[in-house]
>>> print(open('structure20.pdb').read())   # PDB, C-alpha atoms
ATOM      1  CA  MET A   1      -9.072  33.985 -23.607
ATOM      2  CA  ALA A   2      -7.986  35.317 -20.207
ATOM      3  CA  ASN A   3     -11.439  34.641 -18.711
ATOM      4  CA  ARG A   4     -11.522  31.094 -20.006
ATOM      5  CA  GLU A   5     -12.148  28.571 -17.251
ATOM      6  CA  ILE A   6      -9.408  25.974 -16.913
ATOM      7  CA  ARG A   7     -10.828  22.511 -16.386
ATOM      8  CA  GLU A   8      -9.099  19.354 -15.341
ATOM      9  CA  LYS A   9      -8.800  16.919 -18.250
ATOM     10  CA  VAL A  10     -10.306  13.673 -16.962
ATOM     11  CA  ALA A  11     -10.356  10.394 -18.892
ATOM     12  CA  VAL A  12     -11.507   6.886 -18.167
ATOM     13  CA  PHE A  13      -9.665   3.797 -19.391
ATOM     14  CA  PRO A  14     -12.122   0.917 -19.089
ATOM     15  CA  ALA A  15     -10.909  -2.648 -19.550
ATOM     16  CA  SER A  16     -11.407  -6.035 -18.003
ATOM     17  CA  PHE A  17      -7.783  -5.969 -16.780
ATOM     18  CA  ASP A  18      -8.068  -9.767 -16.503
ATOM     19  CA  PRO A  19      -5.131  -9.665 -16.225
ATOM     20  CA  LEU A  20      -3.375  -6.308 -16.376
ATOM     21  CA  THR A  21      -0.682  -6.482 -19.075
ATOM     22  CA  ASN A  22       2.315  -4.382 -20.036
ATOM     23  CA  GLY A  23       0.232  -3.253 -23.020
ATOM     24  CA  HIS A  24      -2.226  -1.702 -20.549
ATOM     25  CA  LEU A  25       0.691  -0.101 -18.688
ATOM     26  CA  ASP A  26       1.916   1.434 -21.944
ATOM     27  CA  ILE A  27      -1.515   2.954 -22.686
ATOM     28  CA  VAL A  28      -1.780   4.290 -19.108
ATOM     29  CA  GLU A  29       1.656   5.908 -19.264
ATOM     30  CA  ARG A  30       0.901   7.574 -22.578
ATOM     31  CA  ALA A  31      -2.560   8.703 -21.434
ATOM     32  CA  LEU A  32      -1.020  10.380 -18.376
ATOM     33  CA  GLY A  33       0.998  12.491 -20.806
ATOM     34  CA  ILE A  34      -2.275  13.907 -22.137
ATOM     35  CA  PHE A  35      -4.764  13.878 -19.254
ATOM     36  CA  ASP A  36      -4.627  15.351 -15.750
ATOM     37  CA  ARG A  37      -6.546  12.523 -14.138
ATOM     38  CA  LEU A  38      -7.156   8.965 -15.253
ATOM     39  CA  PHE A  39      -9.717   6.493 -13.975
ATOM     40  CA  LEU A  40      -8.718   2.871 -14.497
ATOM     41  CA  ALA A  41     -12.115   1.235 -14.501
ATOM     42  CA  VAL A  42     -12.496  -2.506 -14.214
ATOM     43  CA  ALA A  43     -15.244  -3.462 -16.641
ATOM     44  CA  PHE A  44     -17.093  -6.735 -16.740
ATOM     45  CA  ASN A  45     -18.027  -8.672 -19.827
ATOM     46  CA  ILE A  46     -21.235 -10.494 -18.974
ATOM     47  CA  GLU A  47     -20.476 -13.022 -21.726
ATOM     48  CA  LYS A  48     -17.154 -14.103 -20.183
ATOM     49  CA  GLU A  49     -16.204 -15.637 -16.875
ATOM     50  CA  GLY A  50     -13.141 -13.879 -15.489
ATOM     51  CA  THR A  51     -10.007 -15.460 -14.139
ATOM     52  CA  PHE A  52      -9.826 -12.948 -11.299
ATOM     53  CA  SER A  53     -12.623 -11.415  -9.257
ATOM     54  CA  LYS A  54     -13.379  -7.707  -9.397
ATOM     55  CA  ASP A  55     -11.663  -7.219  -6.031
ATOM     56  CA  GLU A  56      -8.557  -9.135  -7.150
ATOM     57  CA  ARG A  57      -8.262  -7.042 -10.320
ATOM     58  CA  ILE A  58      -8.665  -3.821  -8.356
ATOM     59  CA  ALA A  59      -6.047  -4.957  -5.830
ATOM     60  CA  MET A  60      -3.539  -5.744  -8.609
ATOM     61  CA  LEU A  61      -4.154  -2.380 -10.283
ATOM     62  CA  ARG A  62      -3.721  -0.556  -6.984
ATOM     63  CA  SER A  63      -0.553  -2.519  -6.277
ATOM     64  CA  VAL A  64       0.930  -1.427  -9.593
ATOM     65  CA  PHE A  65      -0.363   2.177  -9.683
ATOM     66  CA  GLY A  66      -0.790   2.949  -5.980
ATOM     67  CA  ASP A  67       1.840   5.708  -5.899
ATOM     68  CA  GLU A  68       0.455   7.671  -8.861
ATOM     69  CA  PRO A  69      -1.809  10.431  -7.491
ATOM     70  CA  ARG A  70      -3.396  11.124 -10.882
ATOM     71  CA  ILE A  71      -4.796   7.589 -11.163
ATOM     72  CA  GLU A  72      -7.967   6.366  -9.519
ATOM     73  CA  VAL A  73      -8.756   2.661  -9.657
ATOM     74  CA  THR A  74     -12.418   1.697  -9.612
ATOM     75  CA  ALA A  75     -14.969  -0.664 -11.144
ATOM     76  CA  PHE A  76     -18.332  -0.246 -12.793
ATOM     77  CA  ASP A  77     -21.192  -2.415 -13.985
ATOM     78  CA  ASN A  78     -23.130  -0.105 -16.273
ATOM     79  CA  LEU A  79     -22.460   1.334 -19.732
ATOM     80  CA  THR A  80     -18.995   2.831 -20.052
ATOM     81  CA  VAL A  81     -20.388   6.104 -21.353
ATOM     82  CA  ASP A  82     -22.819   6.321 -18.402
ATOM     83  CA  PHE A  83     -19.911   5.706 -16.037
ATOM     84  CA  ALA A  84     -17.848   8.398 -17.788
ATOM     85  CA  MET A  85     -20.657  10.904 -17.265
ATOM     86  CA  GLU A  86     -20.991   9.904 -13.576
ATOM     87  CA  ILE A  87     -17.327  10.628 -12.860
ATOM     88  CA  GLY A  88     -17.060  13.735 -15.032
ATOM     89  CA  ALA A  89     -14.781  12.197 -17.681
ATOM     90  CA  LYS A  90     -15.181  13.695 -21.122
ATOM     91  CA  VAL A  91     -12.898  11.112 -22.736
ATOM     92  CA  ILE A  92     -12.974   7.331 -22.976
ATOM     93  CA  ILE A  93      -9.603   5.799 -23.835
ATOM     94  CA  ARG A  94      -9.496   2.602 -25.840
ATOM     95  CA  GLY A  95      -6.403   0.671 -26.843
ATOM     96  CA  LEU A  96      -6.237  -0.902 -30.286
ATOM     97  CA  ARG A  97      -4.020  -3.749 -31.460
ATOM     98  CA  ALA A  98      -5.521  -4.849 -34.775
ATOM     99  CA  MET A  99      -8.207  -4.067 -37.332
ATOM    100  CA  SER A 100     -10.561  -6.486 -35.569
ATOM    101  CA  ASP A 101     -10.242  -4.345 -32.421
ATOM    102  CA  PHE A 102     -10.976  -1.243 -34.460
ATOM    103  CA  GLU A 103     -14.229  -2.538 -35.974
ATOM    104  CA  TYR A 104     -15.691  -3.391 -32.575
ATOM    105  CA  GLU A 105     -14.418  -0.210 -30.906
ATOM    106  CA  PHE A 106     -15.581   2.012 -33.778
ATOM    107  CA  GLU A 107     -19.155   0.729 -33.456
ATOM    108  CA  MET A 108     -19.029   1.212 -29.681
ATOM    109  CA  ALA A 109     -17.669   4.756 -30.041
ATOM    110  CA  LEU A 110     -20.465   5.673 -32.446
ATOM    111  CA  MET A 111     -23.115   4.340 -30.065
ATOM    112  CA  ASN A 112     -21.519   6.214 -27.153
ATOM    113  CA  LYS A 113     -21.463   9.397 -29.250
ATOM    114  CA  HIS A 114     -25.160   8.926 -29.969
ATOM    115  CA  LEU A 115     -25.925   8.538 -26.249
ATOM    116  CA  TYR A 116     -23.669  11.367 -25.020
ATOM    117  CA  PRO A 117     -22.327  13.610 -27.801
ATOM    118  CA  GLU A 118     -20.093  15.475 -25.325
ATOM    119  CA  VAL A 119     -18.005  12.359 -24.535
ATOM    120  CA  GLU A 120     -15.159  11.636 -26.941
ATOM    121  CA  THR A 121     -13.459   8.311 -27.545
ATOM    122  CA  VAL A 122      -9.697   8.440 -28.013
ATOM    123  CA  PHE A 123      -8.111   5.414 -29.666
ATOM    124  CA  MET A 124      -4.510   4.724 -28.723
ATOM    125  CA  MET A 125      -2.599   2.265 -30.873
ATOM    126  CA  ALA A 126      -0.722  -0.371 -28.951
ATOM    127  CA  SER A 127       3.022   0.004 -29.107
ATOM    128  CA  GLN A 128       4.515  -2.403 -31.624
ATOM    129  CA  LYS A 129       6.065  -4.614 -28.969
ATOM    130  CA  TYR A 130       2.607  -5.287 -27.468
ATOM    131  CA  LEU A 131       0.591  -5.865 -30.649
ATOM    132  CA  TYR A 132       0.419  -9.631 -30.100
ATOM    133  CA  VAL A 133      -0.078  -9.564 -26.308
ATOM    134  CA  SER A 134      -3.581 -10.426 -25.185
ATOM    135  CA  SER A 135      -4.938 -11.540 -21.839
ATOM    136  CA  SER A 136      -6.328 -14.712 -23.417
ATOM    137  CA  ARG A 137      -2.972 -15.635 -24.957
ATOM    138  CA  LEU A 138      -1.136 -15.006 -21.683
ATOM    139  CA  LYS A 139      -3.544 -17.191 -19.711
ATOM    140  CA  GLU A 140      -3.058 -19.947 -22.263
ATOM    141  CA  LEU A 141       0.730 -19.735 -21.904
ATOM    142  CA  VAL A 142       0.497 -19.985 -18.116
ATOM    143  CA  ARG A 143      -1.898 -22.950 -18.287
ATOM    144  CA  LEU A 144       0.614 -24.713 -20.540
ATOM    145  CA  GLY A 145       3.505 -24.187 -18.152
ATOM    146  CA  ARG A 146       5.197 -21.097 -19.588
ATOM    147  CA  THR A 147       6.108 -17.930 -17.734
ATOM    148  CA  VAL A 148       4.701 -14.575 -18.806
ATOM    149  CA  ASP A 149       7.045 -12.347 -16.830
ATOM    150  CA  ALA A 150       7.995 -10.329 -19.935
ATOM    151  CA  PHE A 151       4.370  -9.367 -20.595
ATOM    152  CA  VAL A 152       2.872  -8.451 -17.213
ATOM    153  CA  PRO A 153       3.904  -6.715 -13.974
ATOM    154  CA  GLU A 154       5.586  -8.990 -11.430
ATOM    155  CA  ILE A 155       2.569  -9.139  -9.087
ATOM    156  CA  VAL A 156       0.325 -10.163 -11.987
ATOM    157  CA  ALA A 157       2.702 -12.919 -13.130
ATOM    158  CA  LYS A 158       2.736 -14.293  -9.596
ATOM    159  CA  LYS A 159      -1.074 -14.257  -9.328
ATOM    160  CA  LEU A 160      -1.506 -15.828 -12.778
ATOM    161  CA  HIS A 161       0.868 -18.658 -11.936
ATOM    162  CA  GLU A 162      -0.831 -19.241  -8.587
ATOM    163  CA  ARG A 163      -4.251 -19.394 -10.222
ATOM    164  CA  LEU A 164      -3.557 -21.139 -13.523
ATOM    165  CA  GLY A 165       0.018 -22.335 -13.727
ATOM    166  CA  ARG A 166       1.813 -25.611 -13.828
ATOM    167  CA  VAL A 167       5.147 -24.055 -12.909
ATOM    168  CA  LYS A 168       6.302 -21.298 -10.568
ATOM    169  CA  PRO A 169       7.372 -17.977 -12.157
ATOM    170  CA  ALA A 170      11.130 -17.556 -12.606
TER     171      ALA A 170
END
>>> encode(input="structure20.pdb", output="structure tokens")
Amino acid sequence: MANREIREKVAVFPASFDPLTNGHLDIVERALGIFDRLFLAVAFNIEKEGTFSKDERIAMLRSVFGDEPRIEVTAFDNLTVDFAMEIGAKVIIRGLRAMSDFEYEFEMALMNKHLYPEVETVFMMASQKYLYVSSSRLKELVRLGRTVDAFVPEIVAKKLHERLGRVKPA
């Protein structure tokens, strides 16, 4: 055991972050309790048009996490598991809210395991207070004139209201 090489535990948390929510923040905080270094990787769903550009999402993430030296904010446009291998992450973190999330994520984790058996997927259950918070639902609230300050960081609420809102944030 004394000769065992100590390696940095690196994980990647890929998400669209469109927008970043307090549910994401909760997963990040908990992941930092387990991993030495965490890549927040802006992923793109080719089937969806985003509200914010890649650069806007990265800027918001950096604004929120800029002081945390163990976090690196980046983006990628290939398979998550390929990206994990490129950056030396042996773990992909995925947040789960409901059984429907699990079915999709389980299939993805199995495919990733087939492609790169050395990369693990760690599922983190959303905290109870964030189970019903989704980016889609928040955008809908803003479009209909409601504030979302309780569900997203301040900078994100401001940007959402500027882009989609009928009313200014409180």
>>> residues_around(input="structure20.pdb", residues="Glu105 of chain A", least_positions_apart="2", cutoff="12 Å", atoms="only C-alpha atoms", output="number ranges by chain")
A: 92-103, 107-112, 121-124
>>> write_last_selection(input="structure20.pdb", atoms="C-alpha atoms", output="PDB file, in the coordinates of the input")
ATOM      1  CA  ILE A  92     -12.974   7.331 -22.976  1.00  0.00           C
ATOM      2  CA  ILE A  93      -9.603   5.799 -23.835  1.00  0.00           C
ATOM      3  CA  ARG A  94      -9.496   2.602 -25.840  1.00  0.00           C
ATOM      4  CA  GLY A  95      -6.403   0.671 -26.843  1.00  0.00           C
ATOM      5  CA  LEU A  96      -6.237  -0.902 -30.286  1.00  0.00           C
ATOM      6  CA  ARG A  97      -4.020  -3.749 -31.460  1.00  0.00           C
ATOM      7  CA  ALA A  98      -5.521  -4.849 -34.775  1.00  0.00           C
ATOM      8  CA  MET A  99      -8.207  -4.067 -37.332  1.00  0.00           C
ATOM      9  CA  SER A 100     -10.561  -6.486 -35.569  1.00  0.00           C
ATOM     10  CA  ASP A 101     -10.242  -4.345 -32.421  1.00  0.00           C
ATOM     11  CA  PHE A 102     -10.976  -1.243 -34.460  1.00  0.00           C
ATOM     12  CA  GLU A 103     -14.229  -2.538 -35.974  1.00  0.00           C
ATOM     13  CA  GLU A 107     -19.155   0.729 -33.456  1.00  0.00           C
ATOM     14  CA  MET A 108     -19.029   1.212 -29.681  1.00  0.00           C
ATOM     15  CA  ALA A 109     -17.669   4.756 -30.041  1.00  0.00           C
ATOM     16  CA  LEU A 110     -20.465   5.673 -32.446  1.00  0.00           C
ATOM     17  CA  MET A 111     -23.115   4.340 -30.065  1.00  0.00           C
ATOM     18  CA  ASN A 112     -21.519   6.214 -27.153  1.00  0.00           C
ATOM     19  CA  THR A 121     -13.459   8.311 -27.545  1.00  0.00           C
ATOM     20  CA  VAL A 122      -9.697   8.440 -28.013  1.00  0.00           C
ATOM     21  CA  PHE A 123      -8.111   5.414 -29.666  1.00  0.00           C
ATOM     22  CA  MET A 124      -4.510   4.724 -28.723  1.00  0.00           C
TER      23      MET A 124
END
>>> atom_distance(input="structure20.pdb", atom1="atom CA of Asp26 of chain A", atom2="atom CA of Lys129 of chain A")
10.2 Å
>>> residues_around(input="structure20.pdb", residues="segment 28-40 of chain A", least_positions_apart="3", cutoff="7 Å", atoms="all atoms listed in the file", output="CSV table (one decimal) with C-alpha atoms, keeping the file's coordinate frame")
chain,number,residue,atom,x,y,z
A,8,GLU,CA,-9.1,19.4,-15.3
A,9,LYS,CA,-8.8,16.9,-18.2
A,10,VAL,CA,-10.3,13.7,-17.0
A,11,ALA,CA,-10.4,10.4,-18.9
A,12,VAL,CA,-11.5,6.9,-18.2
A,13,PHE,CA,-9.7,3.8,-19.4
A,14,PRO,CA,-12.1,0.9,-19.1
A,24,HIS,CA,-2.2,-1.7,-20.5
A,25,LEU,CA,0.7,-0.1,-18.7
A,70,ARG,CA,-3.4,11.1,-10.9
A,71,ILE,CA,-4.8,7.6,-11.2
A,72,GLU,CA,-8.0,6.4,-9.5
A,73,VAL,CA,-8.8,2.7,-9.7
A,74,THR,CA,-12.4,1.7,-9.6
>>> axis_aligned_box(input="structure20.pdb", around="segment 105-122 of chain A", padding_each_side="6 Å", output="AutoDock Vina command-line options")
--center_x -17.8 --center_y 7.6 --center_z -29.2 --size_x 28.2 --size_y 27.7 --size_z 21.2
>>> closest_atom_pairs(input="structure20.pdb", of="segment 12-70 of chain A", to="segment 141-155 of chain A", cutoff="9 Å", atoms="all atoms listed in the file", output="tab-separated table")
residue	atom	partner	partner_atom	distance
A:Pro19	CA	A:Val152	CA	8.2
A:Leu20	CA	A:Val152	CA	6.7
A:Thr21	CA	A:Val152	CA	4.5
A:Asn22	CA	A:Val152	CA	5.0
A:Gly23	CA	A:Phe151	CA	7.8
A:Leu25	CA	A:Pro153	CA	8.7
A:Met60	CA	A:Ile155	CA	7.0
A:Ser63	CA	A:Ile155	CA	7.8
A:Val64	CA	A:Pro153	CA	7.5
>>> residues_around(input="structure20.pdb", residues="Asp18 of chain A", least_positions_apart="5", cutoff="9 Å", atoms="only C-alpha atoms", output="ChimeraX atom specification")
/A:42,50-53,57,135-136
>>> closest_residue(input="structure20.pdb", among="A:Lys48, A:His114, A:Arg7, A:Arg62", to="Val156 of chain A", atoms="all atoms listed in the file")
A:Arg62
>>> atom_distance(input="structure20.pdb", atom1="atom CA of Glu86 of chain A", atom2="atom CA of Ala43 of chain A")
14.9 Å
>>> closest_residue(input="structure20.pdb", among="A:Val119, A:Arg163, A:Ile87, A:Ala75", to="Asp55 of chain A", atoms="all atoms listed in the file")
A:Ala75
>>> atom_distance(input="structure20.pdb", atom1="atom CA of Phe76 of chain A", atom2="atom CA of Ala41 of chain A")
6.6 Å
>>> closest_residue(input="structure20.pdb", among="A:Ala59, A:Leu115, A:Val81, A:Leu164", to="Phe17 of chain A", atoms="all atoms listed in the file")
A:Ala59
>>> closest_residue(input="structure20.pdb", among="A:Ile27, A:Leu138, A:Met85, A:Leu61", to="Met125 of chain A", atoms="all atoms listed in the file")
A:Ile27
>>> decode(input="structure20.pdb", residues="segment 16-129 of chain A", atoms="C-alpha atoms", output="PDB file, in the first residue's frame")
ATOM      1  CA  SER A  16     -26.638  21.898 -21.198  1.00  0.00           C
ATOM      2  CA  PHE A  17     -26.683  24.428 -18.328  1.00  0.00           C
ATOM      3  CA  ASP A  18     -29.350  26.283 -20.335  1.00  0.00           C
ATOM      4  CA  PRO A  19     -29.779  27.767 -17.820  1.00  0.00           C
ATOM      5  CA  LEU A  20     -27.711  26.875 -14.770  1.00  0.00           C
ATOM      6  CA  THR A  21     -30.090  26.111 -11.886  1.00  0.00           C
ATOM      7  CA  ASN A  22     -29.755  25.748  -8.135  1.00  0.00           C
ATOM      8  CA  GLY A  23     -30.216  22.011  -8.725  1.00  0.00           C
ATOM      9  CA  HIS A  24     -26.976  22.063 -10.738  1.00  0.00           C
ATOM     10  CA  LEU A  25     -25.300  24.045  -7.945  1.00  0.00           C
ATOM     11  CA  ASP A  26     -26.374  21.400  -5.434  1.00  0.00           C
ATOM     12  CA  ILE A  27     -24.873  18.583  -7.542  1.00  0.00           C
ATOM     13  CA  VAL A  28     -21.634  20.565  -8.019  1.00  0.00           C
ATOM     14  CA  GLU A  29     -21.281  21.236  -4.294  1.00  0.00           C
ATOM     15  CA  ARG A  30     -21.835  17.594  -3.420  1.00  0.00           C
ATOM     16  CA  ALA A  31     -19.488  16.383  -6.174  1.00  0.00           C
ATOM     17  CA  LEU A  32     -16.716  18.621  -4.818  1.00  0.00           C
ATOM     18  CA  GLY A  33     -17.034  16.693  -1.561  1.00  0.00           C
ATOM     19  CA  ILE A  34     -16.005  13.547  -3.440  1.00  0.00           C
ATOM     20  CA  PHE A  35     -13.715  14.637  -6.281  1.00  0.00           C
ATOM     21  CA  ASP A  36     -10.507  16.680  -6.333  1.00  0.00           C
ATOM     22  CA  ARG A  37     -11.253  18.365  -9.633  1.00  0.00           C
ATOM     23  CA  LEU A  38     -14.502  18.902 -11.483  1.00  0.00           C
ATOM     24  CA  PHE A  39     -15.030  19.878 -15.099  1.00  0.00           C
ATOM     25  CA  LEU A  40     -18.340  21.620 -15.730  1.00  0.00           C
ATOM     26  CA  ALA A  41     -18.811  20.854 -19.392  1.00  0.00           C
ATOM     27  CA  VAL A  42     -21.407  22.647 -21.457  1.00  0.00           C
ATOM     28  CA  ALA A  43     -22.971  20.009 -23.683  1.00  0.00           C
ATOM     29  CA  PHE A  44     -25.104  20.630 -26.716  1.00  0.00           C
ATOM     30  CA  ASN A  45     -28.232  18.764 -27.659  1.00  0.00           C
ATOM     31  CA  ILE A  46     -28.371  18.822 -31.442  1.00  0.00           C
ATOM     32  CA  GLU A  47     -32.137  18.246 -31.266  1.00  0.00           C
ATOM     33  CA  LYS A  48     -32.794  21.420 -29.244  1.00  0.00           C
ATOM     34  CA  GLU A  49     -32.187  25.083 -29.890  1.00  0.00           C
ATOM     35  CA  GLY A  50     -30.712  26.694 -26.788  1.00  0.00           C
ATOM     36  CA  THR A  51     -31.824  29.869 -25.107  1.00  0.00           C
ATOM     37  CA  PHE A  52     -28.234  30.941 -24.500  1.00  0.00           C
ATOM     38  CA  SER A  53     -25.189  30.523 -26.713  1.00  0.00           C
ATOM     39  CA  LYS A  54     -22.268  28.346 -25.678  1.00  0.00           C
ATOM     40  CA  ASP A  55     -20.258  31.453 -24.773  1.00  0.00           C
ATOM     41  CA  GLU A  56     -23.110  32.892 -22.683  1.00  0.00           C
ATOM     42  CA  ARG A  57     -23.493  29.634 -20.746  1.00  0.00           C
ATOM     43  CA  ILE A  58     -19.756  29.444 -20.120  1.00  0.00           C
ATOM     44  CA  ALA A  59     -19.700  33.076 -18.963  1.00  0.00           C
ATOM     45  CA  MET A  60     -22.554  32.454 -16.493  1.00  0.00           C
ATOM     46  CA  LEU A  61     -20.855  29.333 -15.128  1.00  0.00           C
ATOM     47  CA  ARG A  62     -17.570  31.187 -14.719  1.00  0.00           C
ATOM     48  CA  SER A  63     -19.370  34.067 -13.027  1.00  0.00           C
ATOM     49  CA  VAL A  64     -20.878  31.699 -10.477  1.00  0.00           C
ATOM     50  CA  PHE A  65     -17.884  29.366  -9.963  1.00  0.00           C
ATOM     51  CA  GLY A  66     -14.961  31.634 -10.861  1.00  0.00           C
ATOM     52  CA  ASP A  67     -13.410  31.590  -7.380  1.00  0.00           C
ATOM     53  CA  GLU A  68     -13.381  27.796  -7.000  1.00  0.00           C
ATOM     54  CA  PRO A  69      -9.927  26.533  -8.045  1.00  0.00           C
ATOM     55  CA  ARG A  70     -11.079  22.914  -8.306  1.00  0.00           C
ATOM     56  CA  ILE A  71     -13.627  23.720 -11.025  1.00  0.00           C
ATOM     57  CA  GLU A  72     -12.840  24.117 -14.696  1.00  0.00           C
ATOM     58  CA  VAL A  73     -15.570  25.387 -16.999  1.00  0.00           C
ATOM     59  CA  THR A  74     -15.438  24.225 -20.601  1.00  0.00           C
ATOM     60  CA  ALA A  75     -17.579  23.013 -23.495  1.00  0.00           C
ATOM     61  CA  PHE A  76     -17.483  20.051 -25.822  1.00  0.00           C
ATOM     62  CA  ASP A  77     -19.202  18.870 -28.977  1.00  0.00           C
ATOM     63  CA  ASN A  78     -18.374  15.177 -29.079  1.00  0.00           C
ATOM     64  CA  LEU A  79     -19.516  12.173 -27.042  1.00  0.00           C
ATOM     65  CA  THR A  80     -19.363  12.788 -23.307  1.00  0.00           C
ATOM     66  CA  VAL A  81     -17.329   9.643 -22.742  1.00  0.00           C
ATOM     67  CA  ASP A  82     -14.824  10.696 -25.441  1.00  0.00           C
ATOM     68  CA  PHE A  83     -14.533  14.092 -23.763  1.00  0.00           C
ATOM     69  CA  ALA A  84     -14.010  12.430 -20.368  1.00  0.00           C
ATOM     70  CA  MET A  85     -11.135  10.395 -21.797  1.00  0.00           C
ATOM     71  CA  GLU A  86      -9.595  13.521 -23.402  1.00  0.00           C
ATOM     72  CA  ILE A  87      -9.452  15.376 -20.086  1.00  0.00           C
ATOM     73  CA  GLY A  88      -8.452  12.391 -17.956  1.00  0.00           C
ATOM     74  CA  ALA A  89     -11.749  12.116 -16.050  1.00  0.00           C
ATOM     75  CA  LYS A  90     -12.589   8.617 -14.914  1.00  0.00           C
ATOM     76  CA  VAL A  91     -16.060   9.620 -13.716  1.00  0.00           C
ATOM     77  CA  ILE A  92     -19.074  11.167 -15.411  1.00  0.00           C
ATOM     78  CA  ILE A  93     -21.537  12.744 -12.983  1.00  0.00           C
ATOM     79  CA  ARG A  94     -25.213  12.757 -13.844  1.00  0.00           C
ATOM     80  CA  GLY A  95     -28.003  14.285 -11.799  1.00  0.00           C
ATOM     81  CA  LEU A  96     -31.320  12.471 -11.545  1.00  0.00           C
ATOM     82  CA  ARG A  97     -34.711  13.904 -10.624  1.00  0.00           C
ATOM     83  CA  ALA A  98     -37.207  11.217 -11.629  1.00  0.00           C
ATOM     84  CA  MET A  99     -37.537   7.698 -12.995  1.00  0.00           C
ATOM     85  CA  SER A 100     -37.779   9.111 -16.522  1.00  0.00           C
ATOM     86  CA  ASP A 101     -34.317  10.652 -16.035  1.00  0.00           C
ATOM     87  CA  PHE A 102     -33.011   7.321 -14.803  1.00  0.00           C
ATOM     88  CA  GLU A 103     -34.167   5.311 -17.831  1.00  0.00           C
ATOM     89  CA  TYR A 104     -32.430   7.640 -20.276  1.00  0.00           C
ATOM     90  CA  GLU A 105     -29.287   7.999 -18.151  1.00  0.00           C
ATOM     91  CA  PHE A 106     -29.057   4.251 -17.486  1.00  0.00           C
ATOM     92  CA  GLU A 107     -29.021   3.489 -21.219  1.00  0.00           C
ATOM     93  CA  MET A 108     -26.403   6.195 -21.787  1.00  0.00           C
ATOM     94  CA  ALA A 109     -24.226   4.878 -18.946  1.00  0.00           C
ATOM     95  CA  LEU A 110     -24.335   1.361 -20.383  1.00  0.00           C
ATOM     96  CA  MET A 111     -23.308   2.605 -23.827  1.00  0.00           C
ATOM     97  CA  ASN A 112     -20.485   4.666 -22.301  1.00  0.00           C
ATOM     98  CA  LYS A 113     -19.333   1.608 -20.337  1.00  0.00           C
ATOM     99  CA  HIS A 114     -19.278  -0.381 -23.568  1.00  0.00           C
ATOM    100  CA  LEU A 115     -17.154   2.289 -25.280  1.00  0.00           C
ATOM    101  CA  TYR A 116     -14.769   2.919 -22.360  1.00  0.00           C
ATOM    102  CA  PRO A 117     -15.044   0.358 -19.544  1.00  0.00           C
ATOM    103  CA  GLU A 118     -12.639   2.376 -17.368  1.00  0.00           C
ATOM    104  CA  VAL A 119     -15.021   5.371 -17.143  1.00  0.00           C
ATOM    105  CA  GLU A 120     -17.679   5.156 -14.441  1.00  0.00           C
ATOM    106  CA  THR A 121     -20.972   7.012 -14.315  1.00  0.00           C
ATOM    107  CA  VAL A 122     -22.021   8.287 -10.899  1.00  0.00           C
ATOM    108  CA  PHE A 123     -25.693   9.153 -10.490  1.00  0.00           C
ATOM    109  CA  MET A 124     -26.478  11.813  -7.913  1.00  0.00           C
ATOM    110  CA  MET A 125     -30.092  12.183  -6.853  1.00  0.00           C
ATOM    111  CA  ALA A 126     -31.376  15.720  -6.862  1.00  0.00           C
ATOM    112  CA  SER A 127     -32.044  17.110  -3.426  1.00  0.00           C
ATOM    113  CA  GLN A 128     -35.743  16.987  -2.617  1.00  0.00           C
ATOM    114  CA  LYS A 129     -36.185  20.738  -2.893  1.00  0.00           C
TER     115      LYS A 129
END
